[in-house]
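Structure file work07.tsv (TSV, C-alpha atoms) is printed below.
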chain	number	residue	atom	x	y	z
A	1	MET	CA	-17.11	-28.95	24.28
A	2	PRO	CA	-17.24	-28.84	20.49
A	3	LEU	CA	-14.11	-27.72	18.71
A	4	PRO	CA	-14.29	-25.37	15.74
A	5	GLU	CA	-15.70	-27.38	12.90
A	6	ALA	CA	-12.81	-28.72	10.88
A	7	TRP	CA	-14.63	-28.42	7.58
A	8	PHE	CA	-14.93	-24.70	8.18
A	9	VAL	CA	-11.58	-24.06	9.85
A	10	VAL	CA	-9.41	-25.77	7.24
A	11	PRO	CA	-10.60	-23.70	4.26
A	12	GLU	CA	-10.47	-20.60	6.48
A	13	LEU	CA	-6.87	-21.35	7.40
A	14	VAL	CA	-5.89	-22.03	3.79
A	15	PHE	CA	-7.65	-18.85	2.68
A	16	THR	CA	-5.93	-16.78	5.39
A	17	VAL	CA	-2.48	-18.15	4.56
A	18	LEU	CA	-2.94	-17.44	0.85
A	19	ALA	CA	-4.39	-13.96	1.41
A	20	VAL	CA	-1.60	-13.00	3.81
A	21	ALA	CA	0.99	-14.42	1.40
A	22	ALA	CA	-0.47	-12.33	-1.45
A	23	CYS	CA	-0.43	-9.16	0.70
A	24	ALA	CA	3.14	-9.86	1.81
A	25	ALA	CA	4.21	-10.50	-1.79
A	26	ILE	CA	2.74	-7.15	-2.89
A	27	TYR	CA	4.53	-5.43	-0.01
A	28	TRP	CA	7.93	-6.98	-0.73
A	29	LYS	CA	7.65	-6.57	-4.47
A	30	THR	CA	7.28	-2.80	-4.05
A	31	LYS	CA	10.08	-2.47	-1.50
A	32	GLN	CA	12.78	-1.45	-3.97
A	33	SER	CA	10.55	1.11	-5.70
A	34	TYR	CA	9.81	2.70	-2.35
A	35	ASP	CA	13.41	2.53	-1.09
A	36	LEU	CA	14.61	4.32	-4.21
A	37	THR	CA	11.93	6.99	-4.41
A	38	ARG	CA	10.34	7.43	-0.96
A	39	HIS	CA	7.21	8.17	-2.96
A	40	ARG	CA	4.23	8.83	-0.67
A	41	GLY	CA	1.74	7.11	-2.98
A	42	ILE	CA	3.85	3.94	-2.99
A	43	LYS	CA	4.16	4.14	0.80
A	44	TYR	CA	0.38	4.31	1.31
A	45	PHE	CA	-0.15	1.52	-1.23
A	46	ARG	CA	2.30	-0.75	0.63
A	47	ASP	CA	0.89	0.18	4.04
A	48	ALA	CA	-2.60	-0.75	2.82
A	49	PHE	CA	-1.49	-4.29	2.04
A	50	VAL	CA	0.39	-4.70	5.33
A	51	LEU	CA	-2.82	-3.70	7.09
A	52	PHE	CA	-4.93	-6.03	4.93
A	53	GLY	CA	-2.52	-8.87	5.81
A	54	LEU	CA	-2.95	-8.09	9.52
A	55	ALA	CA	-6.71	-7.81	9.03
A	56	TYR	CA	-6.84	-11.29	7.44
A	57	VAL	CA	-4.83	-12.76	10.34
A	58	THR	CA	-7.13	-11.19	12.96
A	59	ARG	CA	-10.14	-12.26	10.89
A	60	PHE	CA	-8.97	-15.87	11.17
A	61	LEU	CA	-8.49	-15.55	14.95
A	62	PHE	CA	-11.89	-13.90	15.17
A	63	SER	CA	-13.51	-16.72	13.21
A	64	LEU	CA	-11.93	-19.31	15.54
A	65	LEU	CA	-13.26	-17.48	18.58
A	66	PHE	CA	-16.64	-17.02	16.99
A	67	LEU	CA	-16.95	-20.72	16.27
A	68	SER	CA	-15.35	-22.23	19.32
A	69	ARG	CA	-17.27	-23.13	22.41
A	70	LEU	CA	-14.21	-24.61	24.05
A	71	VAL	CA	-11.68	-24.07	26.81
A	72	LEU	CA	-11.67	-20.33	26.46
A	73	ASP	CA	-14.70	-20.20	28.70
A	74	VAL	CA	-12.56	-21.71	31.44
A	75	ILE	CA	-9.29	-19.83	30.89
A	76	VAL	CA	-10.67	-16.47	29.96
A	77	ALA	CA	-14.21	-15.42	29.22
A	78	ARG	CA	-14.91	-16.18	25.58
A	79	ARG	CA	-16.82	-12.96	25.23
A	80	VAL	CA	-13.79	-10.94	26.32
A	81	ALA	CA	-11.55	-12.75	23.84
A	82	PHE	CA	-14.17	-12.25	21.15
A	83	MET	CA	-14.34	-8.51	21.87
A	84	LEU	CA	-10.57	-8.19	22.03
A	85	SER	CA	-10.23	-9.79	18.60
A	86	LEU	CA	-12.96	-7.54	17.18
A	87	LEU	CA	-10.98	-4.41	18.07
A	88	PRO	CA	-7.84	-5.11	15.95
A	89	LEU	CA	-9.97	-6.71	13.24
A	90	ALA	CA	-12.00	-3.53	12.85
A	91	TYR	CA	-8.99	-1.26	13.15
A	92	PHE	CA	-6.71	-3.01	10.65
A	93	SER	CA	-9.38	-3.55	8.03
A	94	THR	CA	-10.75	0.00	8.17
A	95	ALA	CA	-7.28	1.53	8.08
A	96	ALA	CA	-6.34	-0.78	5.16
A	97	ALA	CA	-9.32	0.35	3.07
A	98	LEU	CA	-8.59	4.00	3.86
A	99	TYR	CA	-4.89	3.67	3.03
A	100	LEU	CA	-5.81	2.17	-0.33
A	101	VAL	CA	-7.94	5.20	-1.11
A	102	LEU	CA	-5.27	7.54	0.27
A	103	SER	CA	-2.77	6.09	-2.21
A	104	LEU	CA	-5.05	7.43	-4.97
A	105	VAL	CA	-5.80	10.87	-3.56
A	106	TRP	CA	-2.77	11.79	-1.40
A	107	ARG	CA	-1.66	14.57	-3.75
A	108	LYS	CA	-4.82	16.54	-2.94
A	109	LEU	CA	-4.48	16.18	0.81
A	110	PRO	CA	-2.09	17.58	3.44
A	111	GLU	CA	0.43	15.05	4.76
A	112	ARG	CA	0.07	15.32	8.52
A	113	GLY	CA	-3.61	15.76	9.28
A	114	THR	CA	-4.68	13.20	6.71
A	115	VAL	CA	-2.85	10.21	8.16
A	116	PHE	CA	-3.93	11.22	11.66
A	117	GLY	CA	-7.55	11.58	10.50
A	118	LEU	CA	-7.40	8.20	8.78
A	119	HIS	CA	-6.28	6.46	11.96
A	120	ALA	CA	-8.86	8.39	13.99
A	121	ILE	CA	-11.66	7.10	11.71
A	122	ALA	CA	-10.33	3.53	11.95
A	123	LEU	CA	-10.07	3.82	15.73
A	124	ALA	CA	-13.56	5.31	16.10
A	125	LEU	CA	-15.05	2.51	14.03
A	126	SER	CA	-13.23	-0.21	15.94
A	127	VAL	CA	-14.16	1.27	19.33
A	128	ALA	CA	-17.81	1.41	18.22
A	129	ALA	CA	-17.69	-2.27	17.20
A	130	PHE	CA	-15.85	-3.15	20.42
A	131	LEU	CA	-18.28	-1.35	22.72
A	132	THR	CA	-21.36	-2.77	21.03
A	133	ARG	CA	-19.69	-6.22	20.78
A	134	SER	CA	-21.14	-6.46	17.36
A	135	GLN	CA	-19.43	-7.64	14.23
A	136	GLU	CA	-22.70	-6.86	12.46
A	137	LEU	CA	-22.30	-3.20	13.35
A	138	LEU	CA	-18.71	-3.31	12.11
A	139	ILE	CA	-19.83	-4.76	8.78
A	140	ALA	CA	-22.60	-2.13	8.53
A	141	LEU	CA	-20.21	0.75	9.30
A	142	GLN	CA	-17.58	-0.56	6.90
A	143	ALA	CA	-20.27	-1.00	4.25
A	144	VAL	CA	-21.28	2.66	4.67
A	145	LEU	CA	-17.62	3.63	4.48
A	146	MET	CA	-17.27	1.47	1.38
A	147	ILE	CA	-20.19	3.27	-0.31
A	148	VAL	CA	-18.64	6.66	0.51
A	149	ILE	CA	-15.28	5.45	-0.80
A	150	ALA	CA	-16.86	4.03	-3.97
A	151	ALA	CA	-18.70	7.27	-4.68
A	152	PHE	CA	-15.56	9.31	-3.98
A	153	VAL	CA	-13.25	7.10	-6.04
A	154	LEU	CA	-15.55	6.61	-9.02
A	155	MET	CA	-16.47	10.28	-9.27
A	156	ARG	CA	-12.85	11.38	-9.58
A	157	ARG	CA	-11.50	11.66	-13.08
A	158	PRO	CA	-8.98	8.83	-13.57
A	159	ARG	CA	-5.39	9.90	-14.19
A	160	ARG	CA	-5.03	6.97	-16.52
A	161	LYS	CA	-7.83	5.94	-18.85
A	162	GLY	CA	-8.74	2.28	-19.02
A	163	SER	CA	-6.89	1.32	-15.83
A	164	PRO	CA	-8.85	-1.21	-13.75
A	165	THR	CA	-7.07	-0.13	-10.56
A	166	ARG	CA	-10.07	1.52	-8.93
A	167	ILE	CA	-12.34	-1.43	-9.71
A	168	LEU	CA	-9.74	-3.78	-8.22
A	169	TYR	CA	-9.51	-1.63	-5.07
A	170	LEU	CA	-13.29	-1.59	-4.67
A	171	LEU	CA	-13.36	-5.36	-5.20
A	172	VAL	CA	-10.70	-5.90	-2.52
A	173	ILE	CA	-12.77	-3.89	-0.02
A	174	ALA	CA	-16.15	-5.36	-1.05
A	175	LEU	CA	-14.84	-8.94	-0.93
A	176	TRP	CA	-13.31	-8.25	2.47
A	177	LEU	CA	-16.76	-7.26	3.74
A	178	VAL	CA	-18.47	-10.25	2.13
A	179	ASN	CA	-15.93	-12.66	3.59
A	180	LEU	CA	-16.21	-11.05	7.03
A	181	GLY	CA	-19.97	-11.46	6.87
A	182	GLY	CA	-19.43	-15.07	5.76
A	183	ILE	CA	-18.09	-15.99	9.20
A	184	THR	CA	-21.34	-15.26	10.99
A	185	ARG	CA	-23.67	-16.20	8.15
A	186	ARG	CA	-21.97	-19.43	7.19
A	187	HIS	CA	-24.96	-21.62	8.16
A	188	GLU	CA	-27.28	-19.55	6.00
A	189	LEU	CA	-25.22	-19.93	2.85
A	190	PRO	CA	-24.28	-23.03	0.85
A	191	TRP	CA	-20.63	-23.96	1.54
A	192	TRP	CA	-19.63	-23.34	-2.04
A	193	VAL	CA	-20.75	-19.70	-1.87
A	194	ASN	CA	-18.24	-19.03	0.92
A	195	ILE	CA	-15.54	-20.83	-1.06
A	196	ALA	CA	-16.44	-18.82	-4.16
A	197	PHE	CA	-16.12	-15.53	-2.25
A	198	HIS	CA	-12.79	-16.64	-0.80
A	199	ALA	CA	-11.58	-17.55	-4.28
A	200	ALA	CA	-12.77	-14.20	-5.67
A	201	ALA	CA	-10.84	-12.31	-2.96
A	202	LEU	CA	-7.69	-14.33	-3.65
A	203	ILE	CA	-7.98	-13.86	-7.41
A	204	THR	CA	-8.34	-10.09	-6.92
A	205	LEU	CA	-5.21	-9.99	-4.73
A	206	LEU	CA	-3.38	-12.18	-7.24
A	207	ILE	CA	-4.31	-9.83	-10.11
A	208	ILE	CA	-2.96	-6.88	-8.12
A	209	TYR	CA	0.25	-8.79	-7.38
A	210	LEU	CA	0.74	-9.70	-11.03
A	211	ARG	CA	0.24	-6.08	-12.07
A	212	VAL	CA	2.70	-4.95	-9.39
A	213	ARG	CA	5.23	-7.57	-10.48
A	214	LYS	CA	5.04	-6.29	-14.03
A	215	TRP	CA	6.32	-2.83	-13.11
A	216	ALA	CA	7.70	-2.63	-9.59
B	1	MET	CA	0.16	27.83	-22.16
B	2	GLY	CA	1.91	27.30	-18.84
B	3	VAL	CA	5.01	25.18	-18.49
B	4	LYS	CA	4.46	21.95	-16.58
B	5	ARG	CA	6.35	21.90	-13.32
B	6	ARG	CA	8.57	18.87	-12.94
B	7	ASP	CA	7.76	16.70	-9.99
B	8	ARG	CA	10.38	15.66	-7.47
B	9	LEU	CA	11.09	12.26	-9.01
B	10	GLU	CA	11.52	13.81	-12.43
B	11	VAL	CA	14.02	16.36	-11.10
B	12	VAL	CA	16.03	13.62	-9.37
B	13	TYR	CA	16.02	11.60	-12.59
B	14	ASP	CA	17.15	14.62	-14.63
B	15	ILE	CA	20.05	15.39	-12.28
B	16	LEU	CA	21.25	11.79	-12.19
B	17	ARG	CA	20.90	11.45	-15.97
B	18	ILE	CA	22.99	14.57	-16.53
B	19	VAL	CA	25.74	13.17	-14.31
B	20	ARG	CA	25.66	9.82	-16.11
B	21	ASP	CA	25.68	11.44	-19.54
B	22	HIS	CA	28.84	13.36	-18.57
B	23	HIS	CA	30.81	10.16	-18.21
B	24	ASN	CA	29.69	9.99	-14.60
B	25	SER	CA	31.78	12.97	-13.56
B	26	ILE	CA	30.64	16.58	-13.53
B	27	LEU	CA	31.44	19.74	-11.57
B	28	PRO	CA	28.59	21.20	-9.47
B	29	THR	CA	28.35	24.47	-11.45
B	30	PRO	CA	27.63	22.95	-14.89
B	31	LEU	CA	25.33	20.46	-13.21
B	32	LEU	CA	23.37	23.34	-11.65
B	33	ARG	CA	23.16	25.08	-15.02
B	34	LYS	CA	22.02	21.99	-16.93
B	35	SER	CA	19.49	20.93	-14.30
B	36	ASN	CA	17.43	24.11	-14.78
B	37	LEU	CA	16.96	24.67	-11.06
B	38	SER	CA	17.46	27.69	-8.86
B	39	SER	CA	20.60	27.66	-6.69
B	40	SER	CA	18.60	27.03	-3.53
B	41	SER	CA	16.57	24.18	-5.08
B	42	PHE	CA	19.70	22.64	-6.51
B	43	ALA	CA	21.40	22.78	-3.12
B	44	GLU	CA	18.43	20.99	-1.55
B	45	TYR	CA	18.43	18.24	-4.19
B	46	HIS	CA	22.21	17.94	-4.01
B	47	ASP	CA	22.11	17.40	-0.25
B	48	GLU	CA	19.23	14.97	-0.56
B	49	LEU	CA	20.95	12.92	-3.25
B	50	LEU	CA	24.14	12.76	-1.20
B	51	GLU	CA	22.20	11.75	1.88
B	52	LYS	CA	20.29	9.05	-0.02
B	53	ASP	CA	23.53	7.74	-1.47
B	54	PHE	CA	22.56	8.38	-5.11
B	55	ILE	CA	25.64	10.53	-5.73
B	56	LYS	CA	29.03	11.03	-4.13
B	57	GLU	CA	31.67	13.73	-4.31
B	58	VAL	CA	35.21	12.95	-5.37
B	59	GLN	CA	38.15	15.32	-5.55
B	60	ASP	CA	40.75	15.35	-8.31
B	61	GLU	CA	44.44	16.06	-7.78
B	62	LYS	CA	43.79	19.80	-8.17
B	63	GLY	CA	41.27	19.74	-5.33
B	64	ARG	CA	38.20	20.23	-7.57
B	65	THR	CA	35.06	18.45	-6.39
B	66	TYR	CA	33.29	16.31	-8.98
B	67	ILE	CA	29.90	14.70	-8.62
B	68	THR	CA	29.57	11.04	-9.62
B	69	LEU	CA	26.82	8.46	-9.38
B	70	THR	CA	26.90	5.63	-6.86
B	71	ASP	CA	25.61	2.13	-7.65
B	72	ARG	CA	22.33	3.19	-6.10
B	73	GLY	CA	22.20	6.18	-8.44
B	74	PHE	CA	22.68	3.90	-11.45
B	75	LEU	CA	20.01	1.56	-10.05
B	76	PHE	CA	17.57	4.48	-9.80
B	77	LEU	CA	18.20	5.38	-13.45
B	78	ASP	CA	17.71	1.75	-14.48
B	79	LYS	CA	14.44	1.39	-12.58
B	80	TYR	CA	13.05	4.88	-13.15
B	81	GLN	CA	10.86	4.08	-16.17
B	82	LEU	CA	9.47	0.96	-14.53
B	83	ILE	CA	8.70	2.84	-11.31
B	84	LEU	CA	6.98	5.59	-13.29
B	85	ARG	CA	4.84	2.98	-15.07
B	86	PHE	CA	4.00	1.43	-11.71
B	87	ILE	CA	2.98	4.81	-10.26
B	88	ASP	CA	0.96	5.54	-13.39
B	89	GLU	CA	-0.70	2.11	-13.50
B	90	PHE	CA	-1.89	2.34	-9.89
B	91	GLU	CA	-2.56	6.11	-10.02
B	92	LEU	CA	-0.25	6.58	-7.00

Translate this file's structure into structure tokens.
Amino acid sequence: MPLPEAWFVVPELVFTVLAVAACAAIYWKTKQSYDLTRHRGIKYFRDAFVLFGLAYVTRFLFSLLFLSRLVLDVIVARRVAFMLSLLPLAYFSTAAALYLVLSLVWRKLPERGTVFGLHAIALALSVAAFLTRSQELLIALQAVLMIVIAAFVLMRRPRRKGSPTRILYLLVIALWLVNLGGITRRHELPWWVNIAFHAAALITLLIIYLRVRKWA
Amino acid sequence: MGVKRRDRLEVVYDILRIVRDHHNSILPTPLLRKSNLSSSSFAEYHDELLEKDFIKEVQDEKGRTYITLTDRGFLFLDKYQLILRFIDEFEL
């Protein structure tokens, strides 16, 4: 009955705690700006990081279930637990990526249908991953979504020249995908590659936080 | 060349700034005139600012109603430029 391998779980736990802390810090740092203005762009921006925080928590739970061969087989079928963790993982992460994009383009879109459509896409993707029991499919679908987002975001004329915001957003989403893939492909990659991707994701979140702290 | 329409935040800032610049006490009619809004728009903003606790109404001994800023209104004015920079920086 092997437990999750400690060498893998410890860095995963540290990574999750730091990523969630960074997302929470971005959320709290922008609280006053939102309270004062009720600005829709700020709302979507904050919601994106709440969802990314939740996605990182469910990613950690998912990685534990993926790695463990333990008591869960006795208490509840491991496969069921695995599928149940895949559903929120897919939902939170897809919605987070879409909210980040929405914070850039909300002025061009109607308020009601857009948010509903966003959640419908996230739900459809998570149900697809859930029904096929495949995190590989989830990564593939999110990668396609990422390409669409990248094309959409990079083709739009920036409101502010020289701002690295869009690159940072694309990095957040791309590194999310890479780190999600890292759970299932961990034996195929040298340990330091996973650590490097974790570090890159944390540095990107930290840069966003520092830029938020400067103004918000 | 068309005149750029002020966005909602800018209008709120302008109204609050006018109140502050009048020693934090102004009658509604001159405020309406100086804010460059239609009567109906002004009424909407006025109600919104009261509801959000940015302004309050006080009456003098003659029963005239003056508009003054609350602490939250002053806070908005203090933070406005920073918030604008934040919105601009992240293209929100």

> Using all atoms listed in the file, which chain B residues lie at most 9 Å away from chain A, written as an NGL selection string?
Replying inline: :B and (9 or 52 or 54 or 72-73 or 75-76 or 79-92)

>> Report, in Å with one decimal, the straight-line distance from CA of Ile149 in chain A to CA of Phe197 in chain A.
In response: 21.0 Å

>> One number please: CA of Phe15 in chain A to CA of Ala140 in chain A, in Å, one decimal.
In response: 23.2 Å

>> So that I can check the surroundings of range 18-20 of chain B, please list as a PyMOL selection string every protein, DNA and RNA residue that reaches within 9 Å of it, counting all atoms listed in the file and ignoring chain neighbours fewer than 2 positions away.
In response: chain B and resi 13-16+22-26+31+34-35+55+67-69+74

>> Could you list, as a ChimeraX atom specification, every residue within 12 Å of Thr29 in chain B, counting all atoms listed in the file and ignoring same-chain residues fewer than 6 positions away?
In response: /B:19,35-39,42-43,46,64-67

> So how far away is CA of Pro88 in chain A from CA of His198 in chain A, in Å?
Replying inline: 20.9 Å

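For Tyr45 in chain B, the set of protein, DNA and RNA residues having any atom at most 9 Å away, when counting all atoms listed in the file and skipping those fewer than 3 positions along the same chain, is B:Val11, B:Val12, B:Ile15, B:Ser40, B:Ser41, B:Phe42, B:Glu48, B:Leu49, B:Leu50.
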
>> Is it possible to get the residues within 7 Å of (-6.7, -6.1, 7.4) (coordinates as in the file, counting all atoms listed in the file) written as an NGL selection string?
In response: :A and (51-56 or 89 or 92-93 or 96)

>> Excluding Leu202 in chain A and its own-chain neighbours fewer than 4 positions away, which residues fall within 10 Å of it when counting all atoms listed in the file? Please give them as a PyMOL selection string.
In response: chain A and resi 15-16+18-20+22-23+172+175+196-198+206-208

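By all atoms listed in the file, and with residues fewer than 5 positions from Tyr27 in chain A along its chain excluded, the set lying at most 8 Å from it is A:Arg46, A:Asp47, A:Phe49, A:Val50.
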